[in-house]
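*Asks:* Take this structure, written in structure tokens, and hold onto it; I'll ask about it next.
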Amino acid sequence: MEVKELHKSFGPSSHVLRGINFKVEQSEFLSIIGLSGAGKSTLLRCINRLVEPTSGTILVSRSIFDPYADDSIADVAALKQRELRLLRRKVGMIFQQFNIVKPLSVIENVLTGGLGYRQSSLKSCLRVFSIDDRPRALINLKRVGLLHHRAYADRIVALKNGQVFFEGANKDLTESAVEQIS
Ligand SMILES: Nc1ncnc2c1ncn2[C@@H]1O[C@H](COP(=O)(O)OP(=O)(O)OP(=O)(O)O)[C@@H](O)[C@H]1O
Ligand SMILES: [Mg+2]
């Protein structure tokens with residue numbers, strides 16, 4: 001998929017995506033990161049047209065959603081209803097509001113999921129987890145590929161103020177680059 005010069009405005013004073021360009025190869029695992037409000041969800045919503053892009057193109061192989069198609073390229077931003085329906089059958093989207101507790105770390109969120117199994121409410125409130133809990137949480141994180149930092153993605157695109165601020169391999173996202181995104 002190739003995103004070219006993608007813009008989204010929600011009104012004259014709300015230009016959220018300001019010319020996004022990036023490519024993702026077939027089977028590549030790409031993470032999109034950035035501060036709250038950087039435009040990550042808006043970008044993803046443009047990709048399945050839950051949000052209508054203001055301008056720009058989102059190029060994919062037509063064969064992804066149409067088994068009878070040749071190797072031609074389709075612009076998702078310009079698809080008509082019938083093709084859009086076919087495309088949406090191929091685009092999985094997990095929404096972000098899943099009752100995660102934002103100030104807690106990933107492992108604490110996982111551990112908190114086991115609160116109902118714990119005997120003491122006081123320990124639960126103080127987030128004192130038993131010695132068995134942590135390894136169990138780690139096993140579950142591993143099952144969904146979230147244990148090792150490297151498993152987050154093959155490549156990362158970082159957004160800042162609606163623009164691509166960094167694009168590259170995980171190892172190239174240095175501490176100082178992360179600080180500049182934050
Ligand atoms: N439907 C909308 N109407 C007006 N403004 C919107 C709308 N959706 C998003 N925005 C604005 O666009 C900006 C980017 O929002 P978006 O939800 O894409 O950010 P995000 O990077 O996903 O943030 P978070 O990490 O908090 O999920 C924010 O300023 C937000 O208020
Ligand atoms: Mg979001």
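Chain labels A, B, ... are given in the sequence in which chains occur in the structure tokens; within each chain residues are numbered consecutively from 1, and ligands are likewise numbered from 1 in the order shown.
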All residues within 9 Å of ligand 2 are required, counting only C-alpha atoms and all ligand atoms; please report them as a PDB file with C-alpha atoms, in the first residue's frame.
*Replies:*
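Done, and the output landed in result.pdb:
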```
ATOM      1  CA  SER A  36      -2.117  11.661  21.399  1.00  0.00           C
ATOM      2  CA  GLY A  37      -3.730  13.871  18.748  1.00  0.00           C
ATOM      3  CA  ALA A  38      -0.956  13.364  16.176  1.00  0.00           C
ATOM      4  CA  GLY A  39      -3.487  11.873  13.744  1.00  0.00           C
ATOM      5  CA  LYS A  40      -2.911   8.086  13.988  1.00  0.00           C
ATOM      6  CA  SER A  41      -6.577   7.090  14.239  1.00  0.00           C
ATOM      7  CA  THR A  42      -7.574   9.615  11.583  1.00  0.00           C
ATOM      8  CA  LEU A  44      -6.194   4.531   9.893  1.00  0.00           C
ATOM      9  CA  PHE A  95     -10.829   0.129  17.759  1.00  0.00           C
ATOM     10  CA  GLN A  96      -8.778   1.672  20.514  1.00  0.00           C
ATOM     11  CA  GLN A  97     -11.433   2.114  23.206  1.00  0.00           C
TER      12      GLN A  97
END
```
*Asks:* Taking only C-alpha atoms and all ligand atoms into account, which residues are within 12 Å of ligand 1, as a ChimeraX atom specification?
*Replies:* /A:7-18,32-46,50-53,95-98,102,158-164,181-182
*Asks:* Can I get the selection written as a compact mmCIF listing (two decimals), in the first residue's frame, with N, CA and C atoms?
*Replies:*
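Contents of the output file again-v3.txt:
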```
# COMPACT_ATOMS: atom_id res chain seq x y z
N HIS A 7 -4.29 14.32 2.94
CA HIS A 7 -4.71 15.43 3.81
C HIS A 7 -6.09 15.14 4.37
N LYS A 8 -6.31 15.54 5.62
CA LYS A 8 -7.65 15.50 6.19
C LYS A 8 -7.87 16.73 7.05
N SER A 9 -8.91 17.46 6.71
CA SER A 9 -9.32 18.60 7.54
C SER A 9 -10.71 18.31 8.05
N PHE A 10 -10.95 18.62 9.31
CA PHE A 10 -12.30 18.49 9.86
C PHE A 10 -13.00 19.85 9.84
N GLY A 11 -12.37 20.83 9.23
CA GLY A 11 -12.93 22.19 9.17
C GLY A 11 -11.77 23.13 8.93
N PRO A 12 -12.07 24.40 8.71
CA PRO A 12 -11.00 25.34 8.34
C PRO A 12 -9.89 25.44 9.39
N SER A 13 -10.23 25.23 10.66
CA SER A 13 -9.20 25.39 11.69
C SER A 13 -8.67 24.04 12.18
N SER A 14 -9.02 22.96 11.49
CA SER A 14 -8.61 21.64 11.98
C SER A 14 -8.00 20.79 10.85
N HIS A 15 -6.78 21.16 10.48
CA HIS A 15 -6.07 20.43 9.42
C HIS A 15 -5.25 19.33 10.09
N VAL A 16 -5.82 18.14 10.19
CA VAL A 16 -5.24 17.09 11.04
C VAL A 16 -4.12 16.32 10.31
N LEU A 17 -4.37 15.86 9.08
CA LEU A 17 -3.32 15.19 8.31
C LEU A 17 -2.83 16.16 7.24
N ARG A 18 -1.51 16.38 7.23
CA ARG A 18 -0.97 17.45 6.39
C ARG A 18 0.02 16.91 5.36
N ILE A 32 2.44 2.51 13.56
CA ILE A 32 2.32 3.97 13.43
C ILE A 32 2.25 4.51 14.84
N ILE A 33 3.21 5.36 15.18
CA ILE A 33 3.28 5.88 16.54
C ILE A 33 3.19 7.41 16.51
N GLY A 34 3.00 7.99 17.67
CA GLY A 34 2.93 9.44 17.76
C GLY A 34 2.11 9.83 18.98
N LEU A 35 2.27 11.06 19.40
CA LEU A 35 1.56 11.54 20.58
C LEU A 35 0.05 11.50 20.37
N SER A 36 -0.67 11.56 21.48
CA SER A 36 -2.12 11.66 21.40
C SER A 36 -2.48 12.92 20.60
N GLY A 37 -3.33 12.73 19.59
CA GLY A 37 -3.73 13.87 18.75
C GLY A 37 -2.87 14.06 17.51
N ALA A 38 -1.85 13.22 17.35
CA ALA A 38 -0.96 13.36 16.18
C ALA A 38 -1.67 13.01 14.87
N GLY A 39 -2.74 12.21 14.96
CA GLY A 39 -3.49 11.87 13.74
C GLY A 39 -3.47 10.40 13.37
N LYS A 40 -3.02 9.52 14.29
CA LYS A 40 -2.91 8.09 13.99
C LYS A 40 -4.27 7.48 13.63
N SER A 41 -5.26 7.69 14.50
CA SER A 41 -6.58 7.09 14.24
C SER A 41 -7.20 7.68 12.99
N THR A 42 -7.02 8.98 12.79
CA THR A 42 -7.57 9.61 11.58
C THR A 42 -6.96 8.98 10.34
N LEU A 43 -5.65 8.73 10.38
CA LEU A 43 -4.97 8.10 9.25
C LEU A 43 -5.56 6.71 8.99
N LEU A 44 -5.67 5.89 10.07
CA LEU A 44 -6.19 4.53 9.89
C LEU A 44 -7.64 4.56 9.39
N ARG A 45 -8.41 5.52 9.90
CA ARG A 45 -9.80 5.62 9.47
C ARG A 45 -9.91 6.05 8.01
N CYS A 46 -8.95 6.84 7.55
CA CYS A 46 -8.94 7.20 6.11
C CYS A 46 -8.68 5.97 5.26
N LEU A 50 -13.55 5.16 6.89
CA LEU A 50 -14.50 5.53 7.95
C LEU A 50 -14.48 7.04 8.08
N VAL A 51 -13.35 7.61 7.69
CA VAL A 51 -13.20 9.07 7.57
C VAL A 51 -12.87 9.33 6.10
N GLU A 52 -13.53 10.30 5.50
CA GLU A 52 -13.26 10.62 4.09
C GLU A 52 -12.04 11.53 3.99
N PRO A 53 -10.99 11.09 3.28
CA PRO A 53 -9.83 11.98 3.11
C PRO A 53 -10.25 13.26 2.38
N PHE A 95 -10.70 -1.24 17.25
CA PHE A 95 -10.83 0.13 17.76
C PHE A 95 -10.08 0.27 19.08
N GLN A 96 -9.69 1.50 19.39
CA GLN A 96 -8.78 1.67 20.51
C GLN A 96 -9.47 1.72 21.88
N GLN A 97 -10.77 1.98 21.90
CA GLN A 97 -11.43 2.11 23.21
C GLN A 97 -11.81 0.73 23.74
N PHE A 98 -10.86 0.04 24.33
CA PHE A 98 -11.17 -1.28 24.87
C PHE A 98 -10.93 -1.33 26.36
N LYS A 102 -5.18 3.91 30.77
CA LYS A 102 -4.08 4.58 30.10
C LYS A 102 -2.83 4.86 30.95
N ALA A 158 6.36 7.37 12.40
CA ALA A 158 5.97 8.21 13.54
C ALA A 158 5.35 9.50 13.00
N LEU A 159 4.18 9.83 13.54
CA LEU A 159 3.50 11.05 13.13
C LEU A 159 3.74 12.14 14.18
N LYS A 160 3.86 13.36 13.69
CA LYS A 160 3.91 14.51 14.61
C LYS A 160 3.15 15.65 13.92
N ASN A 161 2.18 16.18 14.60
CA ASN A 161 1.36 17.26 14.03
C ASN A 161 0.86 16.94 12.63
N GLY A 162 0.38 15.72 12.45
CA GLY A 162 -0.23 15.36 11.17
C GLY A 162 0.75 15.15 10.04
N GLN A 163 2.03 15.03 10.35
CA GLN A 163 3.02 14.76 9.30
C GLN A 163 3.92 13.60 9.72
N VAL A 164 4.51 12.94 8.71
CA VAL A 164 5.44 11.85 9.02
C VAL A 164 6.74 12.46 9.52
N ILE A 181 9.61 13.28 19.18
CA ILE A 181 8.20 12.99 18.86
C ILE A 181 7.32 13.38 20.03
N SER A 182 7.86 13.22 21.25
CA SER A 182 7.05 13.41 22.46
C SER A 182 6.79 14.88 22.76
```
*Asks:* Mind giving me the straight-line distance from atom CA of A:Phe165 to atom CA of A:Met1 in Å, one decimal?
*Replies:* 19.0 Å
*Asks:* So which residues of chain A fall under strand (DSSP E) by DSSP, listed as a PyMOL selection string?
*Replies:* chain A and resi 2-9+15-23+30-33+55-61+73-75+155-160+163-169
*Asks:* Out of A:Leu30, A:Ala69, A:Ala74, A:Leu6, which residue has the shortest atom-to-atom distance to A:Thr57 when counting only C-alpha atoms?
*Replies:*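 Comparing A:Leu30, A:Ala69, A:Ala74, A:Leu6 against A:Thr57, the winner is A:Leu6.
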*Asks:* From the DSSP assignment of the backbone, select every residue of stretch 30-170 of chain A that is helix (DSSP H, G or I), and format the answer as a short mmCIF file (atom, residue, chain, number, x, y, z; two decimals) with C-alpha atoms, in the first residue's frame.
*Replies:*
```cif
data_model
loop_
_atom_site.label_atom_id
_atom_site.label_comp_id
_atom_site.auth_asym_id
_atom_site.auth_seq_id
_atom_site.Cartn_x
_atom_site.Cartn_y
_atom_site.Cartn_z
CA LYS A 40 -2.91 8.09 13.99
CA SER A 41 -6.58 7.09 14.24
CA THR A 42 -7.57 9.61 11.58
CA LEU A 43 -4.97 8.10 9.25
CA LEU A 44 -6.19 4.53 9.89
CA ARG A 45 -9.80 5.62 9.47
CA CYS A 46 -8.94 7.20 6.11
CA ILE A 47 -7.44 3.88 5.00
CA ARG A 62 -7.01 -4.16 -6.78
CA SER A 63 -6.53 -7.94 -6.41
CA ILE A 64 -6.50 -7.50 -2.61
CA VAL A 76 -9.00 3.60 -1.95
CA ALA A 77 -9.80 7.31 -1.63
CA ALA A 78 -11.76 7.15 -4.89
CA GLN A 81 -19.64 1.99 -2.72
CA ARG A 82 -19.53 -1.52 -4.22
CA GLU A 83 -15.72 -1.70 -4.28
CA LEU A 84 -15.49 -0.01 -0.91
CA ARG A 85 -17.67 -2.75 0.55
CA LEU A 86 -15.35 -5.38 -0.94
CA LEU A 87 -12.29 -3.58 0.41
CA ARG A 88 -13.74 -3.30 3.91
CA VAL A 106 1.09 -2.73 29.34
CA ILE A 107 2.00 -5.41 31.90
CA GLU A 108 -0.07 -3.71 34.62
CA ASN A 109 -3.04 -3.58 32.25
CA VAL A 110 -2.67 -7.30 31.61
CA LEU A 111 -2.27 -8.05 35.33
CA THR A 112 -5.31 -5.92 36.11
CA LEU A 115 -8.32 -8.83 39.30
CA GLY A 116 -11.47 -10.92 39.44
CA TYR A 117 -9.38 -13.98 40.37
CA SER A 121 -9.49 -6.36 47.23
CA LEU A 122 -6.93 -4.34 49.18
CA LYS A 123 -4.06 -6.00 47.30
CA SER A 124 -5.95 -5.45 44.05
CA CYS A 125 -6.40 -1.74 44.83
CA ASP A 133 0.79 -13.40 38.17
CA ARG A 134 3.68 -11.74 36.39
CA PRO A 135 5.01 -14.83 34.52
CA ARG A 136 1.44 -15.67 33.51
CA ALA A 137 0.95 -12.14 32.18
CA LEU A 138 4.24 -12.37 30.27
CA ILE A 139 3.16 -15.66 28.69
CA ASN A 140 -0.07 -14.04 27.53
CA LEU A 141 1.78 -11.01 26.16
CA LYS A 142 4.07 -13.37 24.26
CA ARG A 143 1.04 -15.20 22.81
CA HIS A 149 9.94 -4.75 21.62
CA ARG A 150 11.07 -5.93 18.20
CA ALA A 151 7.81 -7.79 17.70
CA TYR A 152 5.92 -4.49 17.59
CA ASN A 170 12.86 0.02 14.93
#
```
*Asks:* Would you please work out which residue, of A:Gln26, A:Leu173, A:Leu126, A:Arg49, is nearest to A:Lys80 when using only C-alpha atoms?
*Replies:*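 Ranked by minimum distance to A:Lys80, first place goes to A:Arg49.
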*Asks:* Using only C-alpha atoms, which residue out of A:Lys90, A:Thr54, A:Leu146, A:Arg127 lies closest to A:Asp66?
*Replies:* A:Lys90
*Asks:* Report as a list of chain:residue names all protein, DNA and RNA residues lying within 9 Å of A:Glu28, evaluated on only C-alpha atoms, omitting residues in the same chain fewer than 6 positions from it.
*Replies:*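 Within the cut-off, the hits are A:Ala153, A:Asp154, A:Arg155.
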